[in-house]
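As stored in my_file_9.cif (mmCIF, C-alpha atoms and all ligand atoms):
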data_data
loop_
_atom_site.group_PDB
_atom_site.id
_atom_site.type_symbol
_atom_site.label_atom_id
_atom_site.label_comp_id
_atom_site.auth_asym_id
_atom_site.auth_seq_id
_atom_site.Cartn_x
_atom_site.Cartn_y
_atom_site.Cartn_z
ATOM 1 C CA SER J 1 -51.295 -13.270 23.978
ATOM 2 C CA ALA J 2 -54.705 -13.609 22.371
ATOM 3 C CA GLN J 3 -54.970 -9.973 21.354
ATOM 4 C CA PRO J 4 -55.605 -9.595 17.604
ATOM 5 C CA LEU J 5 -52.735 -7.192 16.841
ATOM 6 C CA THR J 6 -50.033 -8.603 19.116
ATOM 7 C CA GLY J 7 -46.643 -8.476 17.412
ATOM 8 C CA ARG J 8 -47.670 -5.767 14.986
ATOM 9 C CA VAL J 9 -46.018 -2.353 14.691
ATOM 10 C CA ALA J 10 -48.395 0.476 13.796
ATOM 11 C CA VAL J 11 -47.590 4.051 12.775
ATOM 12 C CA VAL J 12 -50.314 6.666 13.174
ATOM 13 C CA THR J 13 -49.967 10.166 11.692
ATOM 14 C CA GLY J 14 -52.126 12.952 13.068
ATOM 15 C CA ALA J 15 -52.078 11.142 16.403
ATOM 16 C CA SER J 16 -52.190 14.224 18.650
ATOM 17 C CA SER J 17 -55.974 14.642 18.419
ATOM 18 C CA GLY J 18 -59.246 13.346 17.036
ATOM 19 C CA ILE J 19 -59.323 10.207 14.911
ATOM 20 C CA GLY J 20 -55.574 9.541 15.034
ATOM 21 C CA GLU J 21 -55.347 9.846 18.822
ATOM 22 C CA ALA J 22 -58.303 7.508 19.413
ATOM 23 C CA THR J 23 -57.001 5.039 16.841
ATOM 24 C CA ALA J 24 -53.489 4.922 18.299
ATOM 25 C CA GLU J 25 -54.923 4.160 21.719
ATOM 26 C CA HIS J 26 -57.284 1.531 20.310
ATOM 27 C CA LEU J 27 -54.579 -0.237 18.262
ATOM 28 C CA ALA J 28 -52.345 -0.327 21.360
ATOM 29 C CA GLY J 29 -55.243 -1.831 23.281
ATOM 30 C CA LEU J 30 -55.474 -4.538 20.601
ATOM 31 C CA GLY J 31 -51.819 -5.394 21.254
ATOM 32 C CA ALA J 32 -49.896 -3.423 18.599
ATOM 33 C CA ARG J 33 -46.789 -1.413 19.403
ATOM 34 C CA VAL J 34 -47.643 2.074 18.186
ATOM 35 C CA ALA J 35 -45.598 5.031 16.920
ATOM 36 C CA VAL J 36 -47.554 8.270 17.232
ATOM 37 C CA LEU J 37 -46.664 11.142 14.901
ATOM 38 C CA ALA J 38 -47.824 14.777 14.788
ATOM 39 C CA ARG J 39 -46.341 18.208 15.506
ATOM 40 C CA ARG J 40 -47.568 18.806 19.087
ATOM 41 C CA ALA J 41 -45.063 16.913 21.258
ATOM 42 C CA ASP J 42 -46.914 17.596 24.537
ATOM 43 C CA ARG J 43 -50.072 15.952 23.231
ATOM 44 C CA LEU J 44 -48.115 12.950 21.942
ATOM 45 C CA ASP J 45 -46.329 12.566 25.271
ATOM 46 C CA SER J 46 -49.563 12.412 27.247
ATOM 47 C CA LEU J 47 -50.991 9.903 24.759
ATOM 48 C CA VAL J 48 -47.909 7.693 25.167
ATOM 49 C CA ALA J 49 -48.191 7.996 28.966
ATOM 50 C CA ARG J 50 -51.841 6.870 28.783
ATOM 51 C CA ILE J 51 -51.050 3.914 26.510
ATOM 52 C CA THR J 52 -48.122 2.870 28.704
ATOM 53 C CA LYS J 53 -50.221 3.118 31.861
ATOM 54 C CA ASN J 54 -52.715 0.722 30.265
ATOM 55 C CA GLY J 55 -49.960 -1.811 29.596
ATOM 56 C CA GLY J 56 -49.256 -0.907 25.964
ATOM 57 C CA THR J 57 -46.118 0.165 24.112
ATOM 58 C CA ALA J 58 -45.893 3.482 22.270
ATOM 59 C CA LEU J 59 -43.298 5.870 20.889
ATOM 60 C CA ALA J 60 -43.893 9.600 20.341
ATOM 61 C CA ILE J 61 -42.203 11.266 17.393
ATOM 62 C CA ALA J 62 -42.858 14.977 16.930
ATOM 63 C CA VAL J 63 -42.700 15.562 13.184
ATOM 64 C CA ASP J 64 -44.240 17.728 10.497
ATOM 65 C CA VAL J 65 -45.335 15.301 7.786
ATOM 66 C CA THR J 66 -44.885 17.955 5.087
ATOM 67 C CA ASP J 67 -41.129 17.536 5.731
ATOM 68 C CA ALA J 68 -40.107 14.421 3.783
ATOM 69 C CA ALA J 69 -36.608 14.199 5.273
ATOM 70 C CA ALA J 70 -37.921 14.476 8.839
ATOM 71 C CA LEU J 71 -40.370 11.664 8.095
ATOM 72 C CA ARG J 72 -37.591 9.437 6.766
ATOM 73 C CA SER J 73 -35.725 9.972 10.058
ATOM 74 C CA ALA J 74 -38.921 9.143 11.932
ATOM 75 C CA ALA J 75 -39.205 5.909 9.940
ATOM 76 C CA ASP J 76 -35.650 4.964 10.917
ATOM 77 C CA ARG J 77 -36.486 5.581 14.588
ATOM 78 C CA VAL J 78 -39.622 3.416 14.369
ATOM 79 C CA ALA J 79 -37.645 0.520 12.887
ATOM 80 C CA ALA J 80 -34.869 0.870 15.489
ATOM 81 C CA GLU J 81 -37.041 1.396 18.576
ATOM 82 C CA LEU J 82 -40.285 -0.530 17.865
ATOM 83 C CA GLY J 83 -39.443 -2.827 14.959
ATOM 84 C CA THR J 84 -40.336 -2.866 11.262
ATOM 85 C CA ALA J 85 -43.683 -1.115 10.745
ATOM 86 C CA ASP J 86 -46.454 -3.292 9.275
ATOM 87 C CA LEU J 87 -49.335 -0.830 9.588
ATOM 88 C CA LEU J 88 -49.442 2.803 8.494
ATOM 89 C CA PHE J 89 -52.565 4.729 9.423
ATOM 90 C CA ASN J 90 -51.950 7.706 7.147
ATOM 91 C CA ASN J 91 -54.342 10.124 8.739
ATOM 92 C CA ALA J 92 -53.002 13.656 9.270
ATOM 93 C CA GLY J 93 -55.205 16.118 7.426
ATOM 94 C CA VAL J 94 -56.840 19.538 7.444
ATOM 95 C CA MET J 95 -60.205 20.795 6.124
ATOM 96 C CA LEU J 96 -60.539 24.468 5.202
ATOM 97 C CA PRO J 97 -63.729 25.090 3.211
ATOM 98 C CA ALA J 98 -64.278 28.475 1.542
ATOM 99 C CA PRO J 99 -66.096 29.771 -1.536
ATOM 100 C CA VAL J 100 -63.666 29.389 -4.428
ATOM 101 C CA GLU J 101 -64.091 33.040 -5.463
ATOM 102 C CA GLU J 102 -62.503 34.164 -2.193
ATOM 103 C CA LEU J 103 -59.227 32.895 -3.625
ATOM 104 C CA ALA J 104 -58.031 31.668 -0.226
ATOM 105 C CA THR J 105 -54.887 30.416 -1.895
ATOM 106 C CA ASP J 106 -52.986 29.957 1.380
ATOM 107 C CA GLN J 107 -55.710 27.610 2.596
ATOM 108 C CA TRP J 108 -55.764 25.773 -0.750
ATOM 109 C CA GLN J 109 -52.027 25.229 -0.421
ATOM 110 C CA ARG J 110 -52.189 24.094 3.228
ATOM 111 C CA GLN J 111 -54.722 21.412 2.320
ATOM 112 C CA ILE J 112 -52.708 20.228 -0.678
ATOM 113 C CA ASP J 113 -49.427 20.270 1.287
ATOM 114 C CA LEU J 114 -50.814 18.173 4.139
ATOM 115 C CA ASN J 115 -53.574 16.008 2.648
ATOM 116 C CA ILE J 116 -51.655 15.122 -0.526
ATOM 117 C CA THR J 117 -47.935 15.848 -0.115
ATOM 118 C CA GLY J 118 -47.834 14.916 3.586
ATOM 119 C CA LEU J 119 -49.705 11.684 2.864
ATOM 120 C CA MET J 120 -47.257 10.843 0.050
ATOM 121 C CA ASN J 121 -44.278 11.659 2.282
ATOM 122 C CA ALA J 122 -45.502 9.103 4.822
ATOM 123 C CA ILE J 123 -46.014 6.511 2.100
ATOM 124 C CA GLY J 124 -42.511 7.199 0.813
ATOM 125 C CA ALA J 125 -40.975 6.909 4.274
ATOM 126 C CA PHE J 126 -42.765 3.735 5.380
ATOM 127 C CA ILE J 127 -43.439 1.696 2.230
ATOM 128 C CA PRO J 128 -40.087 -0.132 2.458
ATOM 129 C CA GLN J 129 -40.998 -1.316 5.972
ATOM 130 C CA LEU J 130 -44.545 -2.297 5.005
ATOM 131 C CA VAL J 131 -43.306 -4.354 2.071
ATOM 132 C CA ALA J 132 -40.527 -5.964 4.139
ATOM 133 C CA SER J 133 -42.831 -6.910 7.006
ATOM 134 C CA ALA J 134 -45.498 -8.233 4.620
ATOM 135 C CA GLY J 135 -42.801 -10.361 3.018
ATOM 136 C CA GLU J 136 -41.786 -11.782 6.372
ATOM 137 C CA ARG J 137 -45.102 -12.021 8.173
ATOM 138 C CA GLY J 138 -47.607 -12.348 5.320
ATOM 139 C CA VAL J 139 -49.554 -9.123 5.738
ATOM 140 C CA ALA J 140 -49.205 -5.370 6.208
ATOM 141 C CA ASP J 141 -51.696 -2.515 6.064
ATOM 142 C CA LEU J 142 -51.665 0.909 4.471
ATOM 143 C CA ILE J 143 -54.837 2.627 5.647
ATOM 144 C CA ASN J 144 -55.327 6.129 4.241
ATOM 145 C CA THR J 145 -57.856 8.529 5.749
ATOM 146 C CA SER J 146 -59.923 9.914 2.909
ATOM 147 C CA SER J 147 -63.429 11.336 3.458
ATOM 148 C CA ILE J 148 -66.980 11.064 2.246
ATOM 149 C CA ALA J 149 -66.032 14.335 0.519
ATOM 150 C CA ALA J 150 -64.168 12.166 -2.003
ATOM 151 C CA GLN J 151 -67.576 10.952 -3.259
ATOM 152 C CA ASN J 152 -70.296 13.404 -2.227
ATOM 153 C CA LEU J 153 -70.530 17.040 -3.277
ATOM 154 C CA PHE J 154 -70.419 19.860 -0.719
ATOM 155 C CA PRO J 155 -70.338 23.460 -2.004
ATOM 156 C CA THR J 156 -67.220 25.381 -0.779
ATOM 157 C CA PHE J 157 -65.362 22.123 -0.052
ATOM 158 C CA ALA J 158 -63.916 21.786 -3.572
ATOM 159 C CA VAL J 159 -60.216 21.872 -2.705
ATOM 160 C CA TYR J 160 -60.610 19.590 0.333
ATOM 161 C CA SER J 161 -62.783 17.213 -1.699
ATOM 162 C CA GLY J 162 -60.194 17.216 -4.450
ATOM 163 C CA THR J 163 -57.461 16.214 -2.007
ATOM 164 C CA LYS J 164 -59.621 13.402 -0.630
ATOM 165 C CA ALA J 165 -60.611 12.164 -4.110
ATOM 166 C CA TYR J 166 -56.868 11.965 -4.694
ATOM 167 C CA VAL J 167 -56.463 9.866 -1.534
ATOM 168 C CA THR J 168 -59.216 7.436 -2.512
ATOM 169 C CA HIS J 169 -58.053 6.991 -6.093
ATOM 170 C CA LEU J 170 -54.401 6.736 -5.082
ATOM 171 C CA SER J 171 -55.371 4.007 -2.602
ATOM 172 C CA ARG J 172 -57.317 1.989 -5.186
ATOM 173 C CA THR J 173 -54.450 2.217 -7.636
ATOM 174 C CA LEU J 174 -51.732 1.381 -5.100
ATOM 175 C CA ARG J 175 -53.706 -1.739 -4.171
ATOM 176 C CA THR J 176 -53.192 -3.114 -7.647
ATOM 177 C CA GLU J 177 -49.450 -2.807 -7.139
ATOM 178 C CA LEU J 178 -48.997 -3.661 -3.462
ATOM 179 C CA GLY J 179 -51.600 -6.401 -3.092
ATOM 180 C CA ALA J 180 -49.282 -8.805 -4.877
ATOM 181 C CA LYS J 181 -46.797 -8.155 -2.056
ATOM 182 C CA ASN J 182 -49.381 -8.823 0.677
ATOM 183 C CA VAL J 183 -49.700 -5.145 1.539
ATOM 184 C CA ARG J 184 -53.399 -4.363 1.878
ATOM 185 C CA VAL J 185 -54.462 -0.833 0.969
ATOM 186 C CA SER J 186 -57.632 0.733 2.321
ATOM 187 C CA ALA J 187 -59.270 4.126 1.870
ATOM 188 C CA LEU J 188 -61.302 5.057 4.913
ATOM 189 C CA GLU J 189 -64.095 7.552 4.153
ATOM 190 C CA PRO J 190 -65.791 8.933 7.257
ATOM 191 C CA GLY J 191 -68.750 11.278 7.327
ATOM 192 C CA ILE J 192 -68.750 13.935 10.041
ATOM 193 C CA VAL J 193 -66.709 13.044 13.136
ATOM 194 C CA GLY J 194 -66.475 15.429 16.090
ATOM 195 C CA THR J 195 -62.764 16.362 16.360
ATOM 196 C CA GLU J 196 -60.511 19.419 16.195
ATOM 197 C CA LEU J 197 -60.934 19.375 12.395
ATOM 198 C CA GLN J 198 -63.908 21.738 12.632
ATOM 199 C CA ASP J 199 -61.974 24.147 14.920
ATOM 200 C CA HIS J 200 -59.720 25.209 12.042
ATOM 201 C CA VAL J 201 -62.631 26.222 9.811
ATOM 202 C CA THR J 202 -62.883 30.001 9.385
ATOM 203 C CA ASP J 203 -65.579 30.271 6.694
ATOM 204 C CA ASP J 204 -68.887 31.472 8.184
ATOM 205 C CA GLY J 205 -71.107 29.545 5.799
ATOM 206 C CA ALA J 206 -69.300 26.279 6.444
ATOM 207 C CA LEU J 207 -69.312 26.877 10.196
ATOM 208 C CA GLN J 208 -73.062 27.472 10.123
ATOM 209 C CA TRP J 209 -73.619 24.333 8.061
ATOM 210 C CA LEU J 210 -71.517 22.261 10.473
ATOM 211 C CA GLU J 211 -73.204 23.730 13.542
ATOM 212 C CA GLY J 212 -76.671 23.175 12.026
ATOM 213 C CA SER J 213 -75.869 19.550 11.193
ATOM 214 C CA LYS J 214 -75.477 18.842 14.916
ATOM 215 C CA GLU J 215 -79.181 19.481 15.319
ATOM 216 C CA THR J 216 -80.176 16.891 12.735
ATOM 217 C CA MET J 217 -77.726 14.083 13.546
ATOM 218 C CA ASP J 218 -75.368 12.600 16.116
ATOM 219 C CA TRP J 219 -71.872 13.101 14.732
ATOM 220 C CA LEU J 220 -69.566 10.091 14.775
ATOM 221 C CA THR J 221 -66.959 9.918 17.533
ATOM 222 C CA PRO J 222 -63.223 9.321 16.988
ATOM 223 C CA GLN J 223 -63.716 5.999 18.789
ATOM 224 C CA ASP J 224 -66.157 4.878 16.063
ATOM 225 C CA ILE J 225 -63.401 5.314 13.473
ATOM 226 C CA ALA J 226 -60.739 3.791 15.731
ATOM 227 C CA GLU J 227 -62.775 0.600 15.983
ATOM 228 C CA THR J 228 -63.183 0.496 12.202
ATOM 229 C CA VAL J 229 -59.410 0.731 11.735
ATOM 230 C CA GLY J 230 -58.885 -2.022 14.308
ATOM 231 C CA PHE J 231 -61.384 -4.192 12.435
ATOM 232 C CA ILE J 232 -59.650 -3.626 9.082
ATOM 233 C CA ALA J 233 -56.229 -4.484 10.531
ATOM 234 C CA ALA J 234 -57.402 -7.622 12.346
ATOM 235 C CA LEU J 235 -58.988 -9.263 9.279
ATOM 236 C CA PRO J 236 -57.419 -12.457 7.904
ATOM 237 C CA PRO J 237 -54.526 -11.667 5.517
ATOM 238 C CA ARG J 238 -56.585 -12.666 2.454
ATOM 239 C CA VAL J 239 -59.225 -9.979 3.162
ATOM 240 C CA ASN J 240 -58.673 -6.362 2.097
ATOM 241 C CA LEU J 241 -61.400 -3.792 2.776
ATOM 242 C CA GLN J 242 -60.576 -1.536 -0.159
ATOM 243 C CA GLN J 243 -62.896 1.355 0.603
ATOM 244 C CA VAL J 244 -64.849 1.846 3.796
ATOM 245 C CA THR J 245 -67.505 4.514 4.255
ATOM 246 C CA VAL J 246 -68.551 5.224 7.835
ATOM 247 C CA MET J 247 -71.493 7.602 8.124
ATOM 248 C CA PRO J 248 -73.459 9.092 10.971
ATOM 249 C CA THR J 249 -76.767 7.288 10.640
ATOM 250 C CA ARG J 250 -78.706 10.500 10.042
ATOM 251 C CA GLN J 251 -76.168 12.193 7.693
ATOM 252 C CA PRO J 252 -77.659 12.116 4.189
HETATM 253 P P1 LIG E 301 -57.918 16.720 13.955
HETATM 254 O O1 LIG E 301 -57.730 18.165 13.583
HETATM 255 O O2 LIG E 301 -58.398 16.422 15.329
HETATM 256 O O3 LIG E 301 -56.574 15.918 13.695
HETATM 257 C C1 LIG E 301 -55.652 16.267 12.688
HETATM 258 C C2 LIG E 301 -54.297 15.708 13.070
HETATM 259 O O4 LIG E 301 -53.357 16.012 12.039
HETATM 260 C C3 LIG E 301 -53.755 16.299 14.355
HETATM 261 O O5 LIG E 301 -53.191 15.265 15.118
HETATM 262 C C4 LIG E 301 -52.687 17.248 13.873
HETATM 263 O O6 LIG E 301 -51.684 17.360 14.878
HETATM 264 C C5 LIG E 301 -52.183 16.529 12.657
HETATM 265 N N1 LIG E 301 -51.446 17.410 11.764
HETATM 266 C C6 LIG E 301 -51.866 18.578 11.227
HETATM 267 N N2 LIG E 301 -50.899 19.106 10.483
HETATM 268 C C7 LIG E 301 -49.829 18.278 10.567
HETATM 269 C C8 LIG E 301 -48.517 18.297 10.028
HETATM 270 N N3 LIG E 301 -48.091 19.288 9.219
HETATM 271 N N4 LIG E 301 -47.681 17.283 10.341
HETATM 272 C C9 LIG E 301 -48.101 16.287 11.147
HETATM 273 N N5 LIG E 301 -49.321 16.196 11.663
HETATM 274 C C10 LIG E 301 -50.172 17.196 11.373
HETATM 275 O O7 LIG E 301 -58.931 16.154 12.887
HETATM 276 P P2 LIG E 301 -59.477 14.663 12.562
HETATM 277 O O8 LIG E 301 -59.060 13.707 13.576
HETATM 278 O O9 LIG E 301 -60.907 14.817 12.240
HETATM 279 O O10 LIG E 301 -58.722 14.399 11.182
HETATM 280 C C11 LIG E 301 -58.028 13.200 10.867
HETATM 281 C C12 LIG E 301 -58.275 12.887 9.403
HETATM 282 O O11 LIG E 301 -59.646 12.548 9.229
HETATM 283 C C13 LIG E 301 -57.997 14.021 8.425
HETATM 284 O O12 LIG E 301 -57.323 13.502 7.303
HETATM 285 C C14 LIG E 301 -59.387 14.486 8.034
HETATM 286 O O13 LIG E 301 -59.394 15.069 6.761
HETATM 287 C C15 LIG E 301 -60.132 13.178 8.067
HETATM 288 N N6 LIG E 301 -61.586 13.253 8.155
HETATM 289 C C16 LIG E 301 -62.187 13.861 9.228
HETATM 290 C C17 LIG E 301 -63.560 13.952 9.284
HETATM 291 C C18 LIG E 301 -64.246 14.683 10.382
HETATM 292 O O14 LIG E 301 -65.448 14.991 10.239
HETATM 293 N N7 LIG E 301 -63.593 14.972 11.489
HETATM 294 C C19 LIG E 301 -64.416 13.354 8.240
HETATM 295 C C20 LIG E 301 -63.686 12.712 7.186
HETATM 296 C C21 LIG E 301 -62.326 12.663 7.165
HETATM 297 P P3 LIG E 301 -50.655 18.582 15.075
HETATM 298 O O15 LIG E 301 -51.430 19.842 14.914
HETATM 299 O O16 LIG E 301 -50.175 18.336 16.480
HETATM 300 O O17 LIG E 301 -49.576 18.414 14.061
#
Transcribe the structure of this file into structure tokens.
Ligand code: NDP
Amino acid sequence: SAQPLTGRVAVVTGASSGIGEATAEHLAGLGARVAVLARRADRLDSLVARITKNGGTALAIAVDVTDAAALRSAADRVAAELGTADLLFNNAGVMLPAPVEELATDQWQRQIDLNITGLMNAIGAFIPQLVASAGERGVADLINTSSIAAQNLFPTFAVYSGTKAYVTHLSRTLRTELGAKNVRVSALEPGIVGTELQDHVTDDGALQWLEGSKETMDWLTPQDIAETVGFIAALPPRVNLQQVTVMPTRQP
């Protein structure tokens, strides 16, 4: 087939909604076999049904990425049922802004557990497959979802921004190690995308800021990010987009 990702095996975390869901569907449309991971099994099942109906191949694995052992089992299932993974879209994440003085320590911990520890768990579970497939086929991709918050400053987003700065810097550093093995590493840094991410926000100030921003700009759509991921993955093996910022045109 002439599709750009035919023969590739992609794993998408956070695939039950938003960016991950759109990206899984897009990568399947480009010919990849796709494993979709998140906690909500019902959402994953309907995504797989949609992909299958459109002629693609997908596997749903309900898993909490903060559970390292469960992710290692998921990785074994991917290898057995779809083949050795050569693309990890490491995307599950949560954004819970709040003024630091509120000491919302539970929310701090949730962001660190998912955005940092969950991301590392997925890297730990799938890196052997990425390295093996790159060795055999000449290229593999580790694409980590960071955020513009890794670079720009937003009051009350300190903990979230810190987790995303971690993701960007981790990605740049891993590149220096994995590039030699033909594993490309990319940090994807979107500006505001309309997803369920905003639904988990409880802080009034942040909610007002988000709501107000809709009046001054068109937010990005999950599809916009999905197409960016597809572009990164379909590049010739010698080309690694290290850091990609995707902004709504009118977001400053
Ligand atoms: P969504 O809330 O729509 O998606 C988050 C996904 O993560 C869901 O599929 C959710 O599924 C999954 N998830 C949450 N907790 C866990 C867990 N413990 N284990 C496994 N999966 C989990 O938001 P987005 O699509 O916007 O977010 C995707 C990524 O994009 C995040 O990393 C976010 O930080 C980043 N981002 C988003 C931006 C935006 O404006 N939307 C901007 C910049 C970056 P489930 O609940 O079923 O487990």
Report, as JSON, the axis-aligned box around all atoms of ligand LIG 301 (chain E) present in the file, extended by 4 Å on each side; give centre and edge lengths in Å to one decimal place.
{"center_x": -56.6, "center_y": 16.2, "center_z": 11.6, "size_x": 25.8, "size_y": 15.3, "size_z": 17.7}
Return as a tab-separated table the residues of chain J lying at most 7 Å from ligand LIG 301 (chain E), together with the closest atom-to-atom pair for each and the distance in Å to one decimal, counting only C-alpha atoms and all ligand atoms, with rows in chain order and ascending residue number.
residue	atom	partner	partner_atom	distance
J:Thr13	CA	E:LIG301	N5	6.1
J:Gly14	CA	E:LIG301	O5	3.3
J:Ala15	CA	E:LIG301	O5	4.5
J:Ser16	CA	E:LIG301	O5	3.8
J:Ser17	CA	E:LIG301	O2	4.3
J:Gly18	CA	E:LIG301	O8	3.5
J:Ile19	CA	E:LIG301	O8	3.8
J:Gly20	CA	E:LIG301	O8	5.6
J:Glu21	CA	E:LIG301	O5	6.9
J:Leu37	CA	E:LIG301	C9	6.5
J:Ala38	CA	E:LIG301	N5	3.7
J:Arg39	CA	E:LIG301	O17	3.5
J:Arg40	CA	E:LIG301	O16	3.7
J:Val63	CA	E:LIG301	C9	5.8
J:Asp64	CA	E:LIG301	N4	3.5
J:Val65	CA	E:LIG301	N4	4.0
J:Thr66	CA	E:LIG301	N3	5.4
J:Asn91	CA	E:LIG301	O12	4.7
J:Ala92	CA	E:LIG301	O4	3.7
J:Gly93	CA	E:LIG301	O12	3.4
J:Val94	CA	E:LIG301	O13	5.2
J:Met95	CA	E:LIG301	O13	5.8
J:Leu114	CA	E:LIG301	N3	5.9
J:Asn115	CA	E:LIG301	O12	6.5
J:Thr145	CA	E:LIG301	O12	5.2
J:Ser146	CA	E:LIG301	C21	5.6
J:Ser147	CA	E:LIG301	C20	4.0
J:Ile148	CA	E:LIG301	C20	6.2
J:Glu189	CA	E:LIG301	C20	6.0
J:Pro190	CA	E:LIG301	C20	4.3
J:Gly191	CA	E:LIG301	C19	4.9
J:Ile192	CA	E:LIG301	O14	3.5
J:Val193	CA	E:LIG301	O14	3.7
J:Gly194	CA	E:LIG301	N7	5.4
J:Thr195	CA	E:LIG301	O2	4.5
J:Glu196	CA	E:LIG301	O2	3.8
J:Leu197	CA	E:LIG301	O1	3.6
J:Gln198	CA	E:LIG301	N7	6.9
J:Pro222	CA	E:LIG301	O8	6.9
message: Given the point (-42.8, 12.8, 20.5) in the coordinates of this file, which residues lie within 10 Å, counting all atoms listed in the file, and how would they look as JSON, numbers by chain?
response: {"J": [16, 35, 36, 37, 38, 39, 40, 41, 42, 43, 44, 45, 46, 47, 48, 58, 59, 60, 61, 62, 63]}
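Reported to one decimal place, the separation of atom CA of J:Phe126 from atom CA of J:Ala79 is 9.6 Å.
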message: Residue by residue, what does the PyMOL selection byres (((chain J and resi 154) around 12) and not hetatm) grab here? Present the result as JSON, numbers by chain.
response: {"J": [97, 98, 99, 147, 148, 149, 150, 151, 152, 153, 155, 156, 157, 158, 159, 160, 161, 162, 191, 205, 206, 209, 210, 252]}
message: as a list in words, please: the residues near J:Val167 (cut-off 8 Å, all atoms listed in the file, same-chain neighbours under 3 positions excluded).
response: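 Close residues of J:Val167: Asn115, Ile116, Asn144, Thr145, Ser146, Thr163, Lys164, Leu170, Ser171 and Ala187 of chain J.
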Could you please take those selected residues and save C-alpha atoms as an mmCIF file, in the coordinates of the input?
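New file out-v3.cif:
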data_model
loop_
_atom_site.group_PDB
_atom_site.id
_atom_site.type_symbol
_atom_site.label_atom_id
_atom_site.label_comp_id
_atom_site.auth_asym_id
_atom_site.auth_seq_id
_atom_site.Cartn_x
_atom_site.Cartn_y
_atom_site.Cartn_z
ATOM 1 C CA ASN J 115 -53.574 16.008 2.648
ATOM 2 C CA ILE J 116 -51.655 15.122 -0.526
ATOM 3 C CA ASN J 144 -55.327 6.129 4.241
ATOM 4 C CA THR J 145 -57.856 8.529 5.749
ATOM 5 C CA SER J 146 -59.923 9.914 2.909
ATOM 6 C CA THR J 163 -57.461 16.214 -2.007
ATOM 7 C CA LYS J 164 -59.621 13.402 -0.630
ATOM 8 C CA LEU J 170 -54.401 6.736 -5.082
ATOM 9 C CA SER J 171 -55.371 4.007 -2.602
ATOM 10 C CA ALA J 187 -59.270 4.126 1.870
#
- request: Using all atoms listed in the file, pick whichever of J:Leu5, J:Val139, J:Val201, J:Ala68 has the shortest atom-to-atom distance to J:Gln111.
  value: J:Val201
- prompt: If you count only C-alpha atoms, which residues fall within 8 Å of J:Ala134, apart from same-chain ones fewer than 2 positions away, as an MDAnalysis selection string?
  reply: chainID J and resid 86 130:132 136:140 181:183
message: Report, in Å to a single decimal, how far apart atom CA of J:Leu103 and atom CA of J:Lys214 are.
response: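 These two atoms are separated by 28.4 Å.
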- request: Write out as a list in words each polymer residue whose atoms come within 7 Å of J:Val34, counting only C-alpha atoms; drop sequence neighbours fewer than 2 positions from it.
  value: Val9, Ala10, Val11, Ala24, Ala28, Ala32, Val36, Thr57, Ala58 and Leu59 of chain J
Atoms added to stretch 184-195 of chain J (N, CA and C atoms), reported as a CSV table (one decimal), in the frame of the given file:
chain,number,residue,atom,x,y,z
J,184,ARG,N,-52.0,-4.8,2.1
J,184,ARG,CA,-53.4,-4.4,1.9
J,184,ARG,C,-53.5,-2.8,1.9
J,185,VAL,N,-54.3,-2.3,1.0
J,185,VAL,CA,-54.5,-0.8,1.0
J,185,VAL,C,-55.9,-0.5,1.1
J,186,SER,N,-56.2,0.4,2.1
J,186,SER,CA,-57.6,0.7,2.3
J,186,SER,C,-57.8,2.2,2.3
J,187,ALA,N,-58.9,2.7,1.7
J,187,ALA,CA,-59.3,4.1,1.9
J,187,ALA,C,-60.4,4.2,2.8
J,188,LEU,N,-60.3,4.9,3.9
J,188,LEU,CA,-61.3,5.1,4.9
J,188,LEU,C,-62.0,6.4,4.7
J,189,GLU,N,-63.3,6.3,4.5
J,189,GLU,CA,-64.1,7.6,4.2
J,189,GLU,C,-65.2,7.8,5.2
J,190,PRO,N,-64.8,8.6,6.3
J,190,PRO,CA,-65.8,8.9,7.3
J,190,PRO,C,-66.7,10.1,6.8
J,191,GLY,N,-67.9,10.1,7.3
J,191,GLY,CA,-68.8,11.3,7.3
J,191,GLY,C,-68.3,12.1,8.5
J,192,ILE,N,-69.2,13.0,9.0
J,192,ILE,CA,-68.8,13.9,10.0
J,192,ILE,C,-68.4,13.3,11.4
J,193,VAL,N,-67.2,13.5,11.8
J,193,VAL,CA,-66.7,13.0,13.1
J,193,VAL,C,-66.4,14.3,14.0
J,194,GLY,N,-66.8,14.3,15.2
J,194,GLY,CA,-66.5,15.4,16.1
J,194,GLY,C,-65.0,15.4,16.5
J,195,THR,N,-64.2,16.3,16.0
J,195,THR,CA,-62.8,16.4,16.4
J,195,THR,C,-62.3,17.8,16.4
